[in-house]
Amino acid sequence: MSNPATPPRSLAEALRARDDASLAVLLRARPDLITPVPTDLTQLATRAGTRASVLRALERLDRFALQAAEALAVAGDPAPYRELLGLMAGDAGDQVVAAALPRALGALRDQALVWGDDDRLRLVRTAREVLAPSPQYPSPTGLGPTVREATSGMSPGRIQEIVAAAGLPSTHDSVSAVDALGKLFGHRKKMAKLLAAAPAESREVLGRLVWGPPYGQVTPEPAAHLRWLLDRGLLLPTAPGTVVLPREVALHLREGRAHREPEPAPPAVEPTATHRPQVVDATAAGQAYTALATVEELLKDWDEGGPAVLRAGGLSVRDLKRTAVALDVPEPIAAFWVELAYAAGLLASDGEADERYAATPAYDEWLDRPPAERWALLAEAWLTATRTSGLVGGRDAKDRALSALGPGLDRSAAPEVRHRVLTLLAALPEGTAPAAESVLARLRWERPLRGPQQRDDDLRGRLARWTLTEAELLGVTGRGALSAHGRALLGAPAAEKAPAQPGGPGDKLPVHHHPHPVPVLEPLSPPEQATATANAGRLLAPLLPEPLDHVLLQADLTAVAPGPLRRPLADALGVLADVESKGGATVYRFTPASVRRALDAGRTAADLHAFLTTHSRTPVPQPLAYLVDDVARKHGHLRVGAASAYVRCDDDTVLGEIMADKRAAALRLRRLAPTVLATQADPGTLLEGLRAMGYAPAAESAEGDVLITRAHAHRTPPRTAPEPVPDGPPAPDSTLLSAAIRAIRAGDLAATAPRKPAGAPVSGGELPRTTPAETLATMQAAVLTGDTLWIGYVNAEGTASQRVIAPIRVEGGFVTAYDHTADEVRTYPLHRVTGVAELAEE
Amino acid sequence: MPRVNGPLIVQSDKTLLLEVDHERADDCRRAIAPFAELERAPEHIHTYRVTPLGLWNARAAGHDAEQVVDALVEYSRYPVPHALLVDIAETMDRYGRLTLSKHPAHGLVLTTTDRPVLEEILRSKRIIPLVGARIDPDTVVVHPSERGQIKQTLLKLGWPAEDLAGYVDGEAHPIELAEDGWALRPYQKQAVENFWHGGSGVVVLPCGAGKTLVGAGSMAQAKSTTLILVTNTVSARQWKHELVKRTSLTEDEIGEYSGTRKEIRPVTIATYQVLTTRRKGVYPHLELFDSRDWGLIVYDEVHLLPAPVFKFTADLQARRRLGLTATLVREDGRESDVFSLIGPKRFDAPWKEIEAQGYIAPADCVEVRVNLTDSERLAYATAETEEKYRFCATTATKRKVTEAIVKRFAGQQILVIGQYIDQLDELGEHLNAPVIKGETSNAQREKLFDAFREGEISVLVVSKVANFSIDLPEATVAIQVSGTFGSRQEEAQRLGRVLRPKADGHQAHFYSVVARDTIDQDFAAHRQRFLAEQGYAYRIMDADEILAES
């Protein structure tokens with residue numbers, strides 16, 4: 001506070017009194033206030049008071065600060081700190097609440113939702129409107145209107161009756177009567193006395209209304225116990241048949257508390273289990289490796305033509321199912337991996353006409369990096385992505401299905417919630433796994449929902465749940481606890497033994513500044529995040545299993561890789577054998593088909609033997625070696641090729657002659673067997689070629705019979721005979737004639753009728769002049785009728801001209817028209833058109 | 001770092017890979033055996049599978065989720081996915097929420113420790129006809145006759161009930177083990193003890209590990225009339241022979257209830273076949289179950305138990321039931337019925353451990369590939385689909401190879417096993433060996449078996465009738481020339497023929513003769529995989545190598 005002597009009279013003044021650091025706090029919390037940057041503090045204050053901005057700020061308050069704001073909304077305006085404390089801590093003066101209140105108030109002040117010093121606390125008017133109770137939006141406090149508000153439309157006579165019934169001295173001034181009534185209700189002792197006299201049933205009615213909603217229904221002839229309450233103003237009518245419990249009465253019954261349960265402290269994140277940090281890190285690292293393998297497997301699966309892109313964008317349900325089966329995971333998990341690869345830029349649509357998903361060039365670069373870096377890239381992409389795979393399979397507001405990789409999956413809150421959840425995990429001691437429910441409860445406290453929304457349905461809750469699952473899948477957490485590399489990813493210090501005390505220069509607050517009890521790790525800026533990610537990768541690297549260069553071969557024709565394999569080895573083995581089981585190890589099975597696949601890929605039996613011997617820790621089992629030889633023996637035994645014609649002859653010397661003949665070169669003959677030649681030329685060409693060489697070949701049918709070629713007449717497909725074409729049109733009948741004549745006469749009459757020239761008469765060289773309204777109307781009419789107009793036009797250089805145009809469209813201050821003068825379609829701004837005239841008919 | 005040291009790798013499909021050569025492999029095996037089923041046991045890495053049934057088996061045996069999770073976390077090389085641990089805890093938690101017990105006033109009742117579960121299952125249409133009045137919010141009466149039904153149904157609903165309703169003692173009958181010059185092996189004793197303690201259940205032992213003796217031991221423990229259900233008549237005789245030899249029971253106390261004889265004695269051995277015979281839509285031999293007040297029912301080869309027997313078993317829940325098997329894997333997938341009707345797994349000995357103790361012989365498995373002759377290949381290619389197997393399985397080359405192998409092991413006890421009688425007859429003729437097939441009378445069979453046991457004949461040709469439960473202790477070489485289409489059980493049985501402990505510590509040999517590039521080879525591949533998964537090293541040889549040697 002720069003000058004406590006003169007209390008500020010407006011928010012703008014209050015802001016003006018704040019120092020730069022404190023303004024920085026405000027602007028950091030409410031960045032919408034500086035987009036665009038306001039010109040002065042008055043403008044800042046105005047903007048801070050707009051409904052949208054206030055709502056946004058209220059949504060970001062924690063539960064206790066919100067409760068404090070709600071209490072201020074039902075308190076006087078301005079309200080002294082004492083009153084607020086009373087509303088929050090109650091008559092009994094809850095010590096915990098009292099201790100926490102300054103912090104909450106500080107937060108409200110920081111955010112410029114409350115201004116004024118402790119004697120005159122003012123809630124920003126918009127916030128007050130939003131939070132104050134009204135019949136349409138009952139306040140979260142469950143409090144009704146004040147006596148004054150509730151009696152505003154009441155007849156003075158009725159007020160007098162109530163005052164009298166409540167045992168107050170009568171006064172003819174309604175205003176002071178209402179004040180007296182309000183004071184009575186606010187006076188604890190007197191009020192207790194008044195209520196002590198109430199019938200038990202009446203007290204029961206009050207008990208039902210006390211915590212809200214404060215409204216009740218009454219019949220036109222209320223029962224005696226209701227009558228008793230109505231008579232004394234303890235219930236006041238609001239509308240026919242409806243009564244309300246005035247705020248003062250409710251506060252008395254609540255012992256002054258605005259909230260049934262003030263929640264001054266955030267609920268603690270409950271641990272469920274504690275593991276040794278090494279176990280957590282190792283488990284997370286194992287999962288991290290699985291994540292890499294899964295993404296790799298996914299994209300390998302899509303290597304040769306991934307699934308098609310739906311017309312509306314995204315992956316079809318069937319393709320997602322197929323992917324899930326291929327990855328051997330449930331569909332939501334498959335959606336997660338797909339989205340993760342997408343977020344990390346490893347896969348995208350290929351943009352071809354027949355649009356498909358495929359790996360990006362970045363994927364190939366990614367593959368070449370060391371595993372830890374690969375993981376870090378995925379983890380960072382996940383942490384900062386707004387896309388949320390958890391939504392896949394659900395429906396959007398317009399009831400359209402949300403598909404993986406499709407539109408509508410972005411949730412701007414996602415990165416913040418992910419970061420927050422992990423931060424909460426980071427605040428636990430190392431190796432401690434939290435109970436998911438307590439994490440959710442904590443998040444609900446930090447960012448409560450206003451209004452009666454379903455608890456399980458809120459987006460942040462779902463995001464938090466997904467975060468916990470996804471963090472485990474990705475290996476950010478292990479056995480539920482945050483791993484060391486996960487901690488590094490957040491930019492948190494390696495191991496937090498005690499919560500850090502935030503206290504930079506930016507935290508200087510005007511009054512009631514207390515250190516924040518929750519260590520808040522702000523999401524990092526991109527360069528900071530890059531450093532943090534690199535750190536995480538460095539921590540993870542030694543934990544990842546070292547790729548092996550050997551396998552164990554067994555007599556049951558399996559190979560077991562007792563860990564991840566070096567890539568070339570894994571690739572080669574993937575061709576030579578089928579993967580049977582995955583996990584920490586990989587089990588490969590050799591089958592005749594898999595060995596043949598390797599032979600097809602160009603390996604020889606000797607190659608394969610050498611490969612197996614080199615990479616096996618154990619001697620190659622005899623059955624496996626036998627299998628390789630056995631398959632190799634048969635490989636290529638049968639040869640398949642394409643030919644379009646053949647020559648066969650029982651006398652192989654004739655075929656030898658043909659092959660030796662130079663003229664046969666053009667036929668490209670190849671000897672398949674002593675008695676068979678094959679060629680790529682068609683049978684007709686072959687026949688002619690052989691005939692030209694002096695042979696007398698006969699054509700053969702597919703069955704081997706000799707084809708007899710006979711000249712046969714050429715025929716068209718079935719055709720109908722042409723219709724006769726008469727010379728000139730048929731003679732019209734009399735009906736047609738009379739109708740035609742009538743039409744011609746009507747047209748003639750219309751054309752020859754005298755016509756008044758439209759618009760002002762124009763002489764050559766002078767621009768037509770009309771008012772803009774007229775111009776617009778004429779243009780619009782011309783669009784409808786298709787008429788041609790004559791306009792005067794001033795171009796951007798100020799040169800005037802006349803043009804003849806046929807308007808096509810008039811919209812947004814422009815007319816689009818066919819310009820007869822220029823002989824093309826042009827667009828003119830209407831404000832440059834000086835006037836318009838219809839063309840005189842020729 | 002401790003994490004790279006574990007012998008166990010947990011896979012995402014809930015299989016566990018155990019590195020056998022790891023120094024802590026044995027501890028780990030012991031820790032995971034209660035809840036994980038050994039699926040494959042090749043030479044380096046064994047695969048276990050964690051299933052709900054396995055987890056419930058563990059619960060029934062008194063293990064809790066914490067022990068399971070601890071075992072996984074303790075031995076795992078890589079961190080165990082959190083989701084898997086949660087899943088295990090949740091699955092195990094489902095067992096024991098419901099218990100069947102005896103109420104002094106109301107008889108059989110179903111009690112819950114978790115009321116919503118009871119509410120949930122009482123809403124199921126399948127449960128409603130099985131239960132009676134609700135005694136209190138946590139207890140409901142169960143019709144005593146539906147004890148098996150309700151257990152089966154509850155398991156299907158995912159809430160397996162713990163059966164604490166106890167057993168009737170049955171008619172007492174003195175039975176003692178006659179341990180003269182022999183004794184129950186330690187693991188057999190343990191199996192009997194576990195079974196008796198658990199009340200009912202299944203004992204899993206590899207072929208040749210002496211399951212019959214576990215049965216005998218349990219009978220001696222029960223000391224009551226016993227009904228033994230076996231797969232066929234030969235097996236019934238085998239049981240009888242063994243029981244007379246190993247226990248105080250005499251020939252007269254043991255009855256055989258089969259197609260040929262219908263004796264009901266204090267100990268009765270019945271075949272599945274006779275029980276499941278239907279006449280005019282009814283099972284005429286069902287009265288056997290009620291003919292005496294049986295105190296113990298033994299099911300031999302539980303994995304082959306025919307479906308109708310499950311139905312009868314559902315009505316026998318008040319009697320003690322012992323299941324014996326080499327594997328809990330059923331080709332028809334009815335493992336859950338075994339769990340709910342006969343009982344949870346009570347004992348399971350890893351094959352390797354028993355082999356290491358010297359109770360089963362190590363076996364050398366060889367697949368010999370023969371080439372079809374050109375004319376056979378043509379015949380094979382043109383044969384009808386259903387005839388194809390016969391064509392390739394009975395190729396003449398197999399005979400030559402078989403002769404060569406027999407010659408190579410001359411002097412040892414050799415079994416030649418096949419499916420096609422013509423082929424077997426021809427082999428018998430060429431090898432100058434007797435043939436046992438379906439039409440051979442039981443008396444003749446036993447005579448031949450005895451002669452083989454005594455070493456009077458060294459080569460025996462048998463058809464698939466010999467697949468089950470006959471005991472040929474001195475066979476050291478088995479040659480399989482044809483078989484049913486790649487059945488895993490069959491393979492286990494055939495291997496069992498040669499795996500009995502050998503007096504002289506000879507290595508056992510198991511030859512499969514297979515026609516190359518035919519469906520015979522495809523079937524063989526299936527069986528070989530089973531062999532390899534059971535931990536038998538096997539080799540593939542070309543017929544030419546065998547023929548060249550001889």
# chains A, B, ... in the order shown; residues from 1 in each chain; ligands from 1
call {"tool": "residues_around", "arguments": {"residues": "stretch 108-117 of chain B", "least_positions_apart": "2", "cutoff": "12 Å", "atoms": "only C-alpha atoms", "output": "ChimeraX atom specification"}}
result
/B:93-106,119-124,127,130-148,150-151,154,157-167,317-318
call {"tool": "write_last_selection", "arguments": {"atoms": "C-alpha atoms", "output": "CSV table (one decimal), in the first residue's frame"}}
result
chain,number,residue,atom,x,y,z
B,93,ASP,CA,-8.5,-62.3,-4.1
B,94,ARG,CA,-11.5,-63.8,-5.9
B,95,TYR,CA,-10.8,-67.2,-4.4
B,96,GLY,CA,-12.2,-67.8,-0.9
B,97,ARG,CA,-14.7,-65.0,-0.9
B,98,LEU,CA,-17.2,-67.8,-1.2
B,99,THR,CA,-17.0,-71.0,0.9
B,100,LEU,CA,-19.1,-74.1,0.9
B,101,SER,CA,-19.4,-75.5,4.4
B,102,LYS,CA,-21.6,-77.6,6.6
B,103,HIS,CA,-24.1,-75.8,8.8
B,104,PRO,CA,-25.3,-77.7,11.9
B,105,ALA,CA,-28.9,-76.9,11.2
B,106,HIS,CA,-29.2,-76.2,7.5
B,119,GLU,CA,-25.6,-60.7,-4.3
B,120,GLU,CA,-23.9,-60.8,-7.7
B,121,ILE,CA,-23.8,-64.6,-8.0
B,122,LEU,CA,-27.3,-65.0,-6.6
B,123,ARG,CA,-28.5,-62.9,-9.5
B,124,SER,CA,-27.1,-65.3,-12.0
B,127,ILE,CA,-27.0,-70.2,-9.7
B,130,LEU,CA,-28.9,-74.6,-7.2
B,131,VAL,CA,-29.5,-72.7,-4.0
B,132,GLY,CA,-32.3,-72.6,-1.4
B,133,ALA,CA,-33.3,-70.2,1.3
B,134,ARG,CA,-31.2,-67.3,2.4
B,135,ILE,CA,-30.4,-67.9,6.0
B,136,ASP,CA,-28.8,-64.5,6.7
B,137,PRO,CA,-27.3,-61.8,4.5
B,138,ASP,CA,-24.1,-63.7,4.1
B,139,THR,CA,-25.3,-67.3,3.9
B,140,VAL,CA,-27.5,-69.2,1.6
B,141,VAL,CA,-28.5,-72.9,1.6
B,142,VAL,CA,-27.2,-75.1,-1.2
B,143,HIS,CA,-29.0,-78.2,-2.2
B,144,PRO,CA,-26.6,-81.0,-1.2
B,145,SER,CA,-27.0,-82.7,-4.5
B,146,GLU,CA,-25.7,-79.6,-6.3
B,147,ARG,CA,-22.4,-79.3,-4.5
B,148,GLY,CA,-20.5,-80.1,-7.6
B,150,ILE,CA,-22.4,-75.0,-7.9
B,151,LYS,CA,-18.7,-75.2,-7.7
B,154,LEU,CA,-19.1,-70.4,-9.6
B,157,LEU,CA,-18.6,-67.0,-13.1
B,158,GLY,CA,-15.1,-66.2,-11.9
B,159,TRP,CA,-15.8,-66.6,-8.1
B,160,PRO,CA,-14.3,-70.1,-7.3
B,161,ALA,CA,-15.7,-71.4,-4.0
B,162,GLU,CA,-13.5,-73.0,-1.4
B,163,ASP,CA,-15.1,-76.3,-0.4
B,164,LEU,CA,-14.8,-76.9,3.3
B,165,ALA,CA,-17.9,-79.0,3.6
B,166,GLY,CA,-15.8,-82.1,4.4
B,167,TYR,CA,-16.2,-85.7,3.3
B,317,GLN,CA,-18.6,-84.2,-4.0
B,318,ALA,CA,-18.9,-85.6,-0.5
call {"tool": "residues_around", "arguments": {"residues": "stretch 260-264 of chain A", "least_positions_apart": "3", "cutoff": "12 Å", "atoms": "only C-alpha atoms", "output": "JSON, numbers by chain"}}
result
{"A": [62, 63, 64, 65, 66, 67, 68, 70, 71, 85, 86, 87, 88, 89, 90, 93, 94, 95, 96, 97, 98, 99, 100, 101, 102, 103, 104, 105, 140, 141, 142, 143, 210, 211, 212, 250, 251, 253, 254, 255, 256, 257, 267, 268, 441, 442, 444, 445, 446, 448, 517]}
call {"tool": "write_last_selection", "arguments": {"atoms": "C-alpha atoms", "output": "mmCIF file, in the first residue's frame"}}
result
data_model
loop_
_atom_site.group_PDB
_atom_site.id
_atom_site.type_symbol
_atom_site.label_atom_id
_atom_site.label_comp_id
_atom_site.auth_asym_id
_atom_site.auth_seq_id
_atom_site.Cartn_x
_atom_site.Cartn_y
_atom_site.Cartn_z
ATOM 1 C CA ASP A 62 -9.019 -22.706 -4.986
ATOM 2 C CA ARG A 63 -11.982 -23.821 -2.945
ATOM 3 C CA PHE A 64 -11.227 -21.791 0.158
ATOM 4 C CA ALA A 65 -10.549 -18.563 -1.735
ATOM 5 C CA LEU A 66 -13.768 -19.146 -3.613
ATOM 6 C CA GLN A 67 -15.580 -19.705 -0.354
ATOM 7 C CA ALA A 68 -14.161 -16.457 0.927
ATOM 8 C CA GLU A 70 -18.753 -16.245 -1.815
ATOM 9 C CA ALA A 71 -18.860 -15.057 1.765
ATOM 10 C CA LEU A 85 -13.945 -13.586 9.372
ATOM 11 C CA GLY A 86 -17.284 -14.028 11.136
ATOM 12 C CA LEU A 87 -18.852 -15.463 8.034
ATOM 13 C CA MET A 88 -16.006 -17.847 7.445
ATOM 14 C CA ALA A 89 -15.080 -18.917 10.967
ATOM 15 C CA GLY A 90 -18.548 -18.644 12.502
ATOM 16 C CA GLY A 93 -14.273 -18.630 15.615
ATOM 17 C CA ASP A 94 -12.743 -21.671 13.974
ATOM 18 C CA GLN A 95 -9.007 -21.202 14.510
ATOM 19 C CA VAL A 96 -7.949 -23.103 11.424
ATOM 20 C CA VAL A 97 -10.228 -21.050 9.245
ATOM 21 C CA ALA A 98 -9.104 -17.845 10.875
ATOM 22 C CA ALA A 99 -5.492 -18.765 10.223
ATOM 23 C CA ALA A 100 -6.097 -19.627 6.578
ATOM 24 C CA LEU A 101 -8.322 -16.689 5.762
ATOM 25 C CA PRO A 102 -5.615 -14.058 5.280
ATOM 26 C CA ARG A 103 -4.013 -16.211 2.618
ATOM 27 C CA ALA A 104 -7.306 -16.647 0.776
ATOM 28 C CA LEU A 105 -8.017 -12.945 1.005
ATOM 29 C CA PRO A 140 -23.359 -22.012 -3.215
ATOM 30 C CA THR A 141 -23.643 -20.745 0.341
ATOM 31 C CA GLY A 142 -27.326 -21.680 0.319
ATOM 32 C CA LEU A 143 -28.199 -18.258 1.716
ATOM 33 C CA VAL A 210 -31.132 -23.313 6.915
ATOM 34 C CA TRP A 211 -28.399 -24.810 4.712
ATOM 35 C CA GLY A 212 -30.304 -24.082 1.552
ATOM 36 C CA ALA A 250 -30.166 -18.313 8.232
ATOM 37 C CA LEU A 251 -26.867 -16.861 9.477
ATOM 38 C CA LEU A 253 -29.211 -20.458 12.738
ATOM 39 C CA ARG A 254 -25.820 -21.278 11.208
ATOM 40 C CA GLU A 255 -24.040 -19.545 14.041
ATOM 41 C CA GLY A 256 -22.764 -16.973 11.616
ATOM 42 C CA ARG A 257 -21.159 -19.297 9.106
ATOM 43 C CA PRO A 267 -7.107 -32.245 1.370
ATOM 44 C CA ALA A 268 -3.870 -34.147 1.674
ATOM 45 C CA ALA A 441 -10.122 -34.580 -4.223
ATOM 46 C CA ARG A 442 -7.091 -32.340 -4.056
ATOM 47 C CA ARG A 444 -11.226 -30.486 -6.930
ATOM 48 C CA TRP A 445 -10.215 -28.352 -3.993
ATOM 49 C CA GLU A 446 -7.669 -26.427 -6.002
ATOM 50 C CA PRO A 448 -13.581 -26.326 -7.634
ATOM 51 C CA PRO A 517 1.221 -24.094 1.635
#
call {"tool": "interface_residues", "arguments": {"of": "chain B", "to": "chain A", "cutoff": "10 Å", "atoms": "only C-alpha atoms", "output": "JSON, numbers by chain"}}
result
{"B": [1, 3, 4, 7, 8, 9, 10, 11, 12, 13, 14, 15, 16, 17, 18, 19, 40, 41, 42, 43, 44, 45, 73, 76, 77, 78, 79, 80, 81, 82, 83, 85, 86, 366, 367, 516, 517, 525, 528, 529, 530, 531, 532, 533, 534, 535, 536, 537, 538, 539, 540, 541]}
call {"tool": "write_last_selection", "arguments": {"atoms": "N, CA and C atoms", "output": "compact mmCIF listing (two decimals), in the first residue's frame"}}
result
# COMPACT_ATOMS: atom_id res chain seq x y z
N MET B 1 23.88 -54.01 -9.92
CA MET B 1 22.43 -53.81 -9.78
C MET B 1 21.76 -55.16 -9.60
N ARG B 3 18.82 -56.03 -10.28
CA ARG B 3 17.75 -56.38 -11.21
C ARG B 3 18.22 -57.20 -12.40
N VAL B 4 19.50 -57.11 -12.73
CA VAL B 4 19.93 -57.88 -13.88
C VAL B 4 20.26 -59.31 -13.48
N PRO B 7 16.74 -64.81 -12.45
CA PRO B 7 16.66 -65.84 -13.49
C PRO B 7 15.34 -65.79 -14.26
N LEU B 8 14.42 -64.92 -13.82
CA LEU B 8 13.06 -64.98 -14.36
C LEU B 8 12.77 -63.74 -15.20
N ILE B 9 12.08 -63.96 -16.32
CA ILE B 9 11.63 -62.82 -17.13
C ILE B 9 10.12 -62.93 -17.26
N VAL B 10 9.44 -61.86 -16.89
CA VAL B 10 7.99 -61.87 -16.94
C VAL B 10 7.55 -61.26 -18.27
N GLN B 11 6.76 -61.99 -19.03
CA GLN B 11 6.33 -61.53 -20.34
C GLN B 11 4.95 -60.89 -20.24
N SER B 12 4.63 -60.10 -21.26
CA SER B 12 3.36 -59.39 -21.18
C SER B 12 2.18 -60.33 -21.37
N ASP B 13 2.39 -61.51 -21.95
CA ASP B 13 1.26 -62.44 -22.10
C ASP B 13 1.14 -63.36 -20.89
N LYS B 14 1.72 -62.95 -19.77
CA LYS B 14 1.66 -63.68 -18.50
C LYS B 14 2.39 -65.01 -18.55
N THR B 15 3.34 -65.14 -19.45
CA THR B 15 4.21 -66.29 -19.34
C THR B 15 5.45 -65.86 -18.58
N LEU B 16 6.07 -66.83 -17.92
CA LEU B 16 7.29 -66.54 -17.18
C LEU B 16 8.41 -67.36 -17.82
N LEU B 17 9.49 -66.71 -18.12
CA LEU B 17 10.61 -67.43 -18.71
C LEU B 17 11.67 -67.61 -17.64
N LEU B 18 12.05 -68.87 -17.41
CA LEU B 18 13.02 -69.15 -16.37
C LEU B 18 14.30 -69.65 -17.02
N GLU B 19 15.39 -68.96 -16.71
CA GLU B 19 16.67 -69.38 -17.27
C GLU B 19 17.22 -70.50 -16.40
N ARG B 40 6.50 -75.33 -20.99
CA ARG B 40 7.53 -75.90 -21.85
C ARG B 40 8.82 -75.97 -21.06
N ALA B 41 9.55 -77.04 -21.29
CA ALA B 41 10.80 -77.16 -20.55
C ALA B 41 11.93 -77.58 -21.45
N PRO B 42 12.23 -76.81 -22.48
CA PRO B 42 13.39 -77.14 -23.30
C PRO B 42 14.68 -76.84 -22.55
N GLU B 43 15.81 -77.01 -23.23
CA GLU B 43 17.07 -77.10 -22.47
C GLU B 43 17.51 -75.84 -21.71
N HIS B 44 17.23 -74.64 -22.24
CA HIS B 44 17.80 -73.45 -21.59
C HIS B 44 16.79 -72.61 -20.83
N ILE B 45 15.65 -72.40 -21.45
CA ILE B 45 14.67 -71.51 -20.84
C ILE B 45 13.36 -72.25 -20.69
N VAL B 73 8.65 -60.48 -8.03
CA VAL B 73 9.51 -59.31 -7.90
C VAL B 73 10.93 -59.73 -7.51
N SER B 76 12.57 -61.67 -10.64
CA SER B 76 12.46 -61.13 -11.99
C SER B 76 13.71 -60.34 -12.37
N ARG B 77 14.15 -60.54 -13.58
CA ARG B 77 15.33 -59.83 -14.05
C ARG B 77 14.99 -58.38 -14.37
N TYR B 78 13.80 -58.19 -14.97
CA TYR B 78 13.36 -56.84 -15.31
C TYR B 78 12.18 -56.49 -14.41
N PRO B 79 11.93 -55.19 -14.24
CA PRO B 79 10.80 -54.83 -13.40
C PRO B 79 9.50 -55.45 -13.91
N VAL B 80 8.69 -55.90 -12.96
CA VAL B 80 7.43 -56.54 -13.33
C VAL B 80 6.39 -55.45 -13.56
N PRO B 81 5.68 -55.49 -14.68
CA PRO B 81 4.67 -54.45 -14.92
C PRO B 81 3.66 -54.39 -13.78
N HIS B 82 3.41 -53.18 -13.36
CA HIS B 82 2.51 -52.96 -12.24
C HIS B 82 1.15 -53.60 -12.50
N ALA B 83 0.67 -53.44 -13.73
CA ALA B 83 -0.67 -53.94 -14.06
C ALA B 83 -0.77 -55.44 -13.83
N LEU B 85 0.91 -57.23 -11.63
CA LEU B 85 0.87 -57.50 -10.19
C LEU B 85 -0.53 -57.22 -9.65
N VAL B 86 -1.11 -56.13 -10.11
CA VAL B 86 -2.46 -55.78 -9.65
C VAL B 86 -3.44 -56.87 -10.08
N VAL B 366 15.16 -89.60 -31.24
CA VAL B 366 15.65 -89.42 -32.60
C VAL B 366 14.48 -89.49 -33.56
N GLU B 367 14.46 -88.53 -34.47
CA GLU B 367 13.48 -88.61 -35.55
C GLU B 367 14.23 -89.03 -36.79
N ARG B 516 9.45 -88.23 -45.13
CA ARG B 516 9.81 -86.85 -45.42
C ARG B 516 8.81 -86.17 -46.36
N ASP B 517 8.63 -84.88 -46.14
CA ASP B 517 7.78 -84.04 -47.01
C ASP B 517 6.34 -84.52 -47.12
N ALA B 525 6.33 -83.06 -36.51
CA ALA B 525 6.83 -81.78 -36.03
C ALA B 525 6.07 -81.36 -34.78
N GLN B 528 7.26 -83.58 -31.99
CA GLN B 528 8.63 -83.25 -31.63
C GLN B 528 8.68 -82.02 -30.76
N ARG B 529 7.82 -81.07 -31.13
CA ARG B 529 7.80 -79.84 -30.36
C ARG B 529 7.42 -80.16 -28.93
N PHE B 530 6.45 -81.07 -28.79
CA PHE B 530 6.04 -81.46 -27.45
C PHE B 530 7.22 -82.09 -26.71
N LEU B 531 7.93 -82.96 -27.42
CA LEU B 531 9.09 -83.62 -26.80
C LEU B 531 10.11 -82.59 -26.34
N ALA B 532 10.44 -81.69 -27.26
CA ALA B 532 11.45 -80.69 -26.93
C ALA B 532 10.99 -79.84 -25.77
N GLU B 533 9.69 -79.54 -25.76
CA GLU B 533 9.16 -78.72 -24.67
C GLU B 533 9.20 -79.47 -23.35
N GLN B 534 9.18 -80.79 -23.43
CA GLN B 534 9.29 -81.59 -22.20
C GLN B 534 10.74 -81.74 -21.78
N GLY B 535 11.64 -81.19 -22.55
CA GLY B 535 13.03 -81.19 -22.13
C GLY B 535 13.83 -82.36 -22.68
N TYR B 536 13.25 -83.13 -23.59
CA TYR B 536 14.00 -84.23 -24.17
C TYR B 536 14.80 -83.67 -25.33
N ALA B 537 16.10 -83.92 -25.30
CA ALA B 537 16.89 -83.51 -26.44
C ALA B 537 16.52 -84.44 -27.58
N TYR B 538 16.38 -83.93 -28.76
CA TYR B 538 16.12 -84.85 -29.86
C TYR B 538 16.92 -84.43 -31.08
N ARG B 539 17.15 -85.43 -31.93
CA ARG B 539 17.93 -85.20 -33.13
C ARG B 539 17.10 -85.61 -34.33
N ILE B 540 17.47 -85.09 -35.48
CA ILE B 540 16.83 -85.55 -36.69
C ILE B 540 17.89 -86.25 -37.54
N MET B 541 17.59 -87.43 -38.01
CA MET B 541 18.57 -88.15 -38.84
C MET B 541 17.91 -88.49 -40.16
call {"tool": "select_by_dssp", "arguments": {"residues": "stretch 252-467 of chain A", "states": "strand (DSSP E or B)", "output": "list in words"}}
result
Pro271, Thr272, Ala273, Thr274, Ala308, Leu347, Ala348, Ser349, Arg356, Tyr357, Ala358, Ala359, Arg387, Arg395, Ala401, Asp410, Thr432, Ala433 and Pro434 of chain A
call {"tool": "select_by_dssp", "arguments": {"residues": "stretch 590-698 of chain A", "states": "helix (DSSP H, G or I)", "output": "MDAnalysis selection string"}}
result
chainID A and resid 592:600 605:615 622:634 652:660 662:667 683:692
